[in-house]
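Data first, discussion second: the structure below is written as structure tokens.
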Amino acid sequence: VAVKSSPPPTAVVDILIDDIPTPSTGVGVGNNNSGTLMPDKDDDDLPALLDHTPSYSGNSAVNGNLPPNDRDNAESEPIFRVRSRTAAASTPNYESLDYEVCENKLFQDEQKKRLTERFSLRKDIIRWIIFIQIGIITALIACSIDIIIEELSELKYMFLMTSVEKNVPQTDFTGGDLVVPFLYWILLSVVPVAFGAAMVTYIEPITAGSGIPQVKSYLNGVKIPRIVRIKTLAVKAIGVITSVVGGLAGGKEGPMIHAGAVVAAGISQGKSTTFVKDFRVFKAFRDDHEKRDFVLGGGAAGVSAAFGAPIGGMLFSLEEAASFWNQNLIWRTLVASIISVFTLNLVLSTYHGLNDFTFTGLFNLGKFDQPLKFDYFELPIFMLLGITGGLLGAAWNSLNTKINGFRKRYIPWKIGKVCEAVVVAMFGVTLACTMIYFINDCRPLGNDPTIHPVQLFCEDNEYNAVAALWFQTPEATVRSLFHDPPGSHKILTLTMFTIVYYVLSCATFGLNVSLGVFIPTALVGAAWGRLFAMVTYYLFPETEFLHPGKYALIGAAANLGGVLRMTISLSVILMETTGVETSFFFPLIIALISAKWVGDYFNEGIYDTQIEVNHVPILPWEPLPQYKGLKAREILSSPVVCIKLRDSAHYIYNVLKKCDHNGFPVVDDVQGVHRSQGRVCGIVLRSQLIVILLKSLYVENCRFWLPDTSIQTFRDVYPRYPSIESVRKLDDKIRYTVDLAMFMNPSPVRVNAHDSVPRIFQVFRALGLRHMLVINNENRIAGIITRRDFIYK
Ligand code: ATP
């Protein structure tokens with residue numbers, strides 16, 4: 001094994017055994033986890049570049065006082081650590097986004113040219129216009145989805161009710177021929193669900209679920225492939241319509257956030273890569289940094305449209321999705337949210353024939369007739385409900401994670417995933433029918449909360465309260481639970497409904513369908529909250545103050561807090577959607593915070609759990625506990641694959657071919673030392689190098705390209721940069737040179753090997769970095785740190 005001499009006793013060196021080259025090749029350990037670097041025997045430079053073994057104590061590099069080749073005298077302090085095989089193997093290779101603006105010479109030239117006040121004003125105005133467009137288009141998509149769902153659901157449930165009335169004689173308490181409506185119900189659920197699941201599974205699997213974890217990861221800086229494509233939006237929209245119409249226990253709100261993000265990413269770039277159409281507008285916004293801000297605005301517009309809650313939408317983005325904020329962004333996001341709600345209000349009010357524009361959101365929870373009041377002795381009760389929500393939410397998250405783990409393991413086939421969605425849909429219908437059949441809960445008409453009451457098994461002038469819960473969309477049921485007058489349900493009905501929906505929603509979230517988790521969670525919470533008020537009133541009839549609607553709202557808040565673990569945005573969303581007074585914010589926040597704290601004791605919120613289970617390397621708000629007390633030298637990767645300021649095209653080509661890294665420090669002053677010990681003068685990205693090779697931007701032929709090359713040359717290929725495979729082998733250009741001076745980022749963030757990890761973590765996260773260079777006192781490269789080093793080492 002090519003560990004030439006034993007590492008110093010204190011050194012921590014986890015080596016990928018497979019990566020250790022044999023001595024004959026003269027190559028040391030390449031620590032990249034994505035591919036082993038192997039030297040090109042024909043290339044004189046490459047072996048030198050890679051000639052590092054664990055025996056090389058880079059303290060010389062770190063301290064800057066030992067001669068670079070003085071390997072034996074190096075101190076015994078560890079300076080590098082190679083990723084272990086297990087960590088490397090178990091983590092999918094998600095790439096990062098470049099949220100750091102590359103202020104290279106080309107960029108600065110552009111800035112200088114446009115250094116007029118008029119230009120910045122124009123750019124600012126365009127930015128505002130884009131945010132407004134995002135609000136409008138997101139709302140229009142939300143309206144279309146909502147109207148289609150409403151119309152189709154209306155048709156479905158009307159048909160089922162007619163079928164029930166035709167097949168079950170109203171006075172026949174033996175059940176009549178409930179089999180026929182049951183079969184229709186199954187058919188009307190299975191067909192749309194199968195269609196939606198097939199689309200998600202076969203056309204765009206990234207659209208499965210709510211999309212919030214993916215948007216959150218994207219905003220954190222992780223590149224999730226295909227997340228903001230038009231195709232994704234189309235499949236998501238159809239997926240969510242079919243799932244809700246099919247009657248699965250989920251809602252359309254989560255997907256709306258994803259839809260908003262896609263709209264934002266699409267509009268802000270002024271081109272569509274899917275349709276190969278460049279509208280030649282908004283070119284200045286074609287980079288990850290700008291796009292991130294728009295996506296954030298799109299997410300907020302999506303939430304706002306979904307709930308009719310502009311402030312809640314903005315806070316949702318702040319609390320749940322955003323990793324980076326500034327004051328201007330808050331303003332723009334709020335404007336996008338307000339515009340989105342306004343547009344939605346306008347369109348839906350017109351559609352519903354209202355003349356006072358009162359139709360606020362997709363998830364309209366209805367306004368409470370009376371202002372909701374509370375007494376101070378109720379506060380401990382709210383807290384108790386919050387604790388219950390935390391416990392139920394934590395159990396839900398853990399059960400759901402187990403079910404999803406089972407799915408991943410035992411249902412790997414595409415057809416299996418579609419069948420599973422169909423089975424869950426059938427299971428839901430069967431449970432609903434069983435409830436309707438076995439529970440006798442007839443209520444007098446007049447108090448009827450549903451638009452189309454079903455008489456099923458009830459006397460004339462009565463309606464079936466169990467059927468009323470099931471024969472409508474889930475959000476309509478939440479509305480009923482909030483606003484139905486006291487005595488609208490039996491205790492048994494709500495108990496069974498809570499249990500069934502809890503299990504159903506748990507089995508549904510994670511299916512290969514587009515669905516959000518907000519509605520079912522609110523529904524379960526509203527059911528047990530209302531149940532709590534009913535049971536307490538039943539046991540202590542003097543507790544008349546326990547208004548069932550109020551407790552349904554508190555229950556919904558508690559359950560949402562227990563599953564999602566959001567507090568501020570959720571309370572504001574609930575307030576905005578129900579129109580409760582500001583004074584009721586206090587009870588809501590008590591329930592939410594108690595739920596969050598109790599839930600956090602057991603596990604993370606469902607979105608974070610999903611991110612963790614999928615090994616998406618998102619950076620938490622704080623460094624992980626095991627990193628506290630560490631120094632940069634304990635997590636850095638070394639030796640580093642570097643490129644000289646003026647390097648041969650052939651060498652660059654070989655590096656790109658043989659290693660998967662996305663960032664390469666640019667070094668000079670490499671006389672007598674290897675590149676990986678050179679003096680840092682910048683960093684260059686793989687994507688930039690590929691463009692340079694593809695466009696032959698060589699020193700030798702600079703008179704051809706220099707006048708026409710600008711930052712736009714690189715923006716034109718954004719975001720789908722070609723791969724190195726698209727570059728022809730450079731046999732004829734073997735002697736060509738690339739001068740990186742004008743292309744590289746000349747001011748990469750550099751830290752010292754002795755800096756503490758929590759500190760550099762904060763810098764890395766706050767600036768949205770992709771690579772952080774570790775240097776010694778002589779500004780020579782000592783190592784490199786990427787997001788994975790903060791998570792998996
Ligand atoms: P990203 O994947 O975040 O877009 P990347 O591909 O450049 O960026 P990673 O895949 O995160 O880098 O890096 C995997 C490991 O390789 C990390 O431990 C990192 O420190 C190391 N690494 C990254 N770039 C280099 C490099 N140029 N030379 C040597 N090691 C590197």
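Every chain in the structure tokens has a letter given in the order shown (A, B, ...), and although residue numbers restart at 1 in each chain, ligands are simply numbered from 1 in the order shown.
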Excluding Arg646 (chain A) and any residue of its chain fewer than 6 positions from it, enumerate the residues within 12 Å of it, using only C-alpha atoms, and give them as a list of chain:residue names.
A:Ile652, A:Val666, A:Val667, A:Asp668, A:Asp669, A:Val670, A:Arg675, A:Cys681, A:Tyr698, A:Val699, A:Glu700, A:Tyr736, A:Thr737, A:Val738, A:Asp739, A:Leu740, A:Ala741, A:Met742, A:Phe743, A:Met744
If you count only C-alpha atoms, which residues fall within 7 Å of Ser304 (chain A), apart from same-chain ones fewer than 5 positions away, as a PyMOL selection string?
chain A and resi 309-310+312-313+337+340-341
Residue neighbourhood Gly308 (chain A), 12 Å, only C-alpha atoms, exclusion window fewer than 3 positions, as a VMD selection string:
chain A and resid 139 142 to 143 253 300 to 305 311 to 314 337 to 346 348 358 to 366 572 to 579
Let me see the file: selected residues, C-alpha atoms, as a PDB file, in the first residue's frame.
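File written: again17.pdb
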```pdb
ATOM      1  CA  ALA A 139     -51.705  32.987  -8.518  1.00  0.00           C
ATOM      2  CA  ALA A 142     -53.081  28.299  -8.278  1.00  0.00           C
ATOM      3  CA  CYS A 143     -56.497  29.427  -9.541  1.00  0.00           C
ATOM      4  CA  GLU A 253     -50.860  23.690  -0.637  1.00  0.00           C
ATOM      5  CA  ALA A 300     -43.655  32.867  -0.740  1.00  0.00           C
ATOM      6  CA  ALA A 301     -46.106  33.733  -3.528  1.00  0.00           C
ATOM      7  CA  GLY A 302     -47.088  30.050  -3.657  1.00  0.00           C
ATOM      8  CA  VAL A 303     -47.792  29.881   0.081  1.00  0.00           C
ATOM      9  CA  SER A 304     -49.679  33.141  -0.061  1.00  0.00           C
ATOM     10  CA  ALA A 305     -51.842  31.962  -2.926  1.00  0.00           C
ATOM     11  CA  ILE A 311     -47.691  37.878   5.554  1.00  0.00           C
ATOM     12  CA  GLY A 312     -47.871  34.212   6.451  1.00  0.00           C
ATOM     13  CA  GLY A 313     -46.399  33.383   3.043  1.00  0.00           C
ATOM     14  CA  MET A 314     -43.471  35.677   3.538  1.00  0.00           C
ATOM     15  CA  SER A 337     -47.007  37.562  -1.896  1.00  0.00           C
ATOM     16  CA  ILE A 338     -49.460  40.438  -1.783  1.00  0.00           C
ATOM     17  CA  ILE A 339     -49.792  40.539  -5.564  1.00  0.00           C
ATOM     18  CA  SER A 340     -50.324  36.812  -5.601  1.00  0.00           C
ATOM     19  CA  VAL A 341     -53.149  36.962  -3.046  1.00  0.00           C
ATOM     20  CA  PHE A 342     -54.729  39.920  -4.794  1.00  0.00           C
ATOM     21  CA  THR A 343     -54.718  38.185  -8.184  1.00  0.00           C
ATOM     22  CA  LEU A 344     -56.087  34.996  -6.713  1.00  0.00           C
ATOM     23  CA  ASN A 345     -58.776  36.895  -4.898  1.00  0.00           C
ATOM     24  CA  LEU A 346     -59.754  38.715  -8.053  1.00  0.00           C
ATOM     25  CA  LEU A 348     -61.626  33.308  -7.791  1.00  0.00           C
ATOM     26  CA  THR A 358     -63.985  37.984  -0.527  1.00  0.00           C
ATOM     27  CA  PHE A 359     -62.549  34.735  -1.837  1.00  0.00           C
ATOM     28  CA  THR A 360     -59.124  34.925  -0.359  1.00  0.00           C
ATOM     29  CA  GLY A 361     -57.163  31.711  -0.728  1.00  0.00           C
ATOM     30  CA  LEU A 362     -57.154  28.171  -1.988  1.00  0.00           C
ATOM     31  CA  PHE A 363     -57.289  26.949   1.547  1.00  0.00           C
ATOM     32  CA  ASN A 364     -60.187  28.989   2.745  1.00  0.00           C
ATOM     33  CA  LEU A 365     -60.895  28.011   6.315  1.00  0.00           C
ATOM     34  CA  GLY A 366     -63.877  30.289   6.555  1.00  0.00           C
ATOM     35  CA  VAL A 572     -49.962  33.918  11.156  1.00  0.00           C
ATOM     36  CA  ILE A 573     -51.260  31.699   8.336  1.00  0.00           C
ATOM     37  CA  LEU A 574     -53.987  30.303  10.591  1.00  0.00           C
ATOM     38  CA  MET A 575     -54.936  33.782  11.722  1.00  0.00           C
ATOM     39  CA  GLU A 576     -55.041  35.139   8.203  1.00  0.00           C
ATOM     40  CA  THR A 577     -57.074  32.230   6.846  1.00  0.00           C
ATOM     41  CA  THR A 578     -59.636  32.192   9.635  1.00  0.00           C
ATOM     42  CA  GLY A 579     -59.738  35.912  10.264  1.00  0.00           C
TER      43      GLY A 579
END
```
Which residue gives the smallest distance to Trp528 (chain A) among A:Arg407, A:Gly386, A:His650, A:Thr582, with only C-alpha atoms counted?
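Looking only at the distances to Trp528 (chain A), the closest residue turns out to be A:Gly386.
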Compute the set of protein, DNA and RNA residues whose minimum atom distance to ligand 1 is at most 8 Å, using only C-alpha atoms and all ligand atoms, and state it as JSON, numbers by chain.
{"A": [30, 31, 32, 33, 34, 82, 83, 93, 94, 95, 96, 97, 222, 223, 636, 637, 638, 639, 640, 641, 642, 660, 661, 662, 663, 664, 665, 770, 771, 783, 784, 785, 786, 787, 788, 789]}
Smallest atom-to-atom distance to Val190 (chain A): which of A:Val263, A:Lys408, A:Val424, A:Ile148, using only C-alpha atoms?
A:Val424
If you run DSSP on the backbone, which residues of region 417-502 of chain A are alpha helix (DSSP H), as JSON, numbers by chain?
{"A": [417, 418, 419, 420, 421, 422, 423, 424, 425, 426, 427, 428, 429, 430, 431, 432, 433, 434, 435, 436, 437, 438, 465, 466, 467, 468, 469, 470, 474, 475, 476, 477, 478, 479, 480, 481, 482, 483, 491, 492, 493, 494, 495, 496, 497, 498, 499, 500, 501, 502]}
Those same residues - C-alpha atoms - I'd like them written as a PDB file, in the first residue's frame.
```
ATOM      1  CA  LYS A 417     -45.069   2.484  -6.758  1.00  0.00           C
ATOM      2  CA  VAL A 418     -48.102   3.152  -8.936  1.00  0.00           C
ATOM      3  CA  CYS A 419     -49.880   0.084  -7.579  1.00  0.00           C
ATOM      4  CA  GLU A 420     -49.098   1.137  -4.041  1.00  0.00           C
ATOM      5  CA  ALA A 421     -50.771   4.528  -4.591  1.00  0.00           C
ATOM      6  CA  VAL A 422     -53.809   2.727  -6.008  1.00  0.00           C
ATOM      7  CA  VAL A 423     -53.949   0.360  -3.032  1.00  0.00           C
ATOM      8  CA  VAL A 424     -53.770   3.241  -0.545  1.00  0.00           C
ATOM      9  CA  ALA A 425     -56.572   5.041  -2.429  1.00  0.00           C
ATOM     10  CA  MET A 426     -58.719   1.884  -2.279  1.00  0.00           C
ATOM     11  CA  PHE A 427     -57.860   1.423   1.366  1.00  0.00           C
ATOM     12  CA  GLY A 428     -59.034   4.991   2.105  1.00  0.00           C
ATOM     13  CA  VAL A 429     -62.332   4.494   0.311  1.00  0.00           C
ATOM     14  CA  THR A 430     -62.911   1.177   2.057  1.00  0.00           C
ATOM     15  CA  LEU A 431     -62.278   2.684   5.479  1.00  0.00           C
ATOM     16  CA  ALA A 432     -64.582   5.598   4.711  1.00  0.00           C
ATOM     17  CA  CYS A 433     -67.328   3.253   3.521  1.00  0.00           C
ATOM     18  CA  THR A 434     -66.914   1.039   6.560  1.00  0.00           C
ATOM     19  CA  MET A 435     -67.292   4.075   8.812  1.00  0.00           C
ATOM     20  CA  ILE A 436     -70.345   5.260   6.946  1.00  0.00           C
ATOM     21  CA  TYR A 437     -71.880   1.804   7.085  1.00  0.00           C
ATOM     22  CA  PHE A 438     -71.261   0.984  10.720  1.00  0.00           C
ATOM     23  CA  ALA A 465     -72.955  13.191   9.553  1.00  0.00           C
ATOM     24  CA  VAL A 466     -70.324  10.533   8.796  1.00  0.00           C
ATOM     25  CA  ALA A 467     -70.950  10.723   5.069  1.00  0.00           C
ATOM     26  CA  ALA A 468     -70.809  14.518   5.356  1.00  0.00           C
ATOM     27  CA  LEU A 469     -67.222  14.254   6.611  1.00  0.00           C
ATOM     28  CA  TRP A 470     -66.140  12.070   3.718  1.00  0.00           C
ATOM     29  CA  PRO A 474     -60.421  17.488   2.861  1.00  0.00           C
ATOM     30  CA  GLU A 475     -60.201  21.270   3.181  1.00  0.00           C
ATOM     31  CA  ALA A 476     -63.961  21.543   3.097  1.00  0.00           C
ATOM     32  CA  THR A 477     -63.984  19.066   5.971  1.00  0.00           C
ATOM     33  CA  VAL A 478     -61.505  21.211   7.932  1.00  0.00           C
ATOM     34  CA  ARG A 479     -63.833  24.137   7.365  1.00  0.00           C
ATOM     35  CA  SER A 480     -66.768  22.085   8.634  1.00  0.00           C
ATOM     36  CA  LEU A 481     -64.889  21.071  11.763  1.00  0.00           C
ATOM     37  CA  PHE A 482     -64.066  24.706  12.504  1.00  0.00           C
ATOM     38  CA  HIS A 483     -67.493  26.123  11.859  1.00  0.00           C
ATOM     39  CA  ILE A 491     -68.098  11.413  19.785  1.00  0.00           C
ATOM     40  CA  LEU A 492     -67.698   8.006  18.143  1.00  0.00           C
ATOM     41  CA  THR A 493     -67.770   9.566  14.670  1.00  0.00           C
ATOM     42  CA  LEU A 494     -64.966  11.998  15.406  1.00  0.00           C
ATOM     43  CA  THR A 495     -62.916   9.400  17.310  1.00  0.00           C
ATOM     44  CA  MET A 496     -63.004   7.005  14.381  1.00  0.00           C
ATOM     45  CA  PHE A 497     -62.461   9.798  11.879  1.00  0.00           C
ATOM     46  CA  THR A 498     -59.359  10.999  13.757  1.00  0.00           C
ATOM     47  CA  ILE A 499     -57.849   7.527  13.914  1.00  0.00           C
ATOM     48  CA  VAL A 500     -58.626   6.681  10.286  1.00  0.00           C
ATOM     49  CA  TYR A 501     -57.324   9.976   8.924  1.00  0.00           C
ATOM     50  CA  TYR A 502     -54.208   9.848  11.084  1.00  0.00           C
TER      51      TYR A 502
END
```
Shell around Arg280 (chain A) at 10 Å using only C-alpha atoms, local window under 4 positions removed, as a PyMOL selection string:
chain A and resi 269-271+716
Using the selection just defined, write its residues with N, CA and C atoms as a CSV table (one decimal), in the first residue's frame.
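To be explicit, this is the file written out as again.csv:
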```csv
chain,number,residue,atom,x,y,z
A,269,GLN,N,-35.3,34.0,-15.6
A,269,GLN,CA,-34.2,33.8,-16.5
A,269,GLN,C,-34.5,34.2,-17.9
A,270,GLY,N,-35.7,34.5,-18.2
A,270,GLY,CA,-36.1,35.0,-19.6
A,270,GLY,C,-35.8,34.0,-20.6
A,271,LYS,N,-35.7,32.7,-20.3
A,271,LYS,CA,-35.5,31.7,-21.3
A,271,LYS,C,-36.0,30.3,-20.8
A,716,ASP,N,-24.6,32.6,-21.1
A,716,ASP,CA,-25.4,32.0,-22.2
A,716,ASP,C,-25.6,30.6,-22.0
```
As a count of residues only, please: every residue in region 134-347 of chain A that a backbone DSSP assignment puts in strand (DSSP E or B).
7
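Closest approach to Leu219 (chain A) from the set A:Glu725, A:Glu290, A:Glu634, A:Glu612 is made by A:Glu290, with distances taken over only C-alpha atoms.
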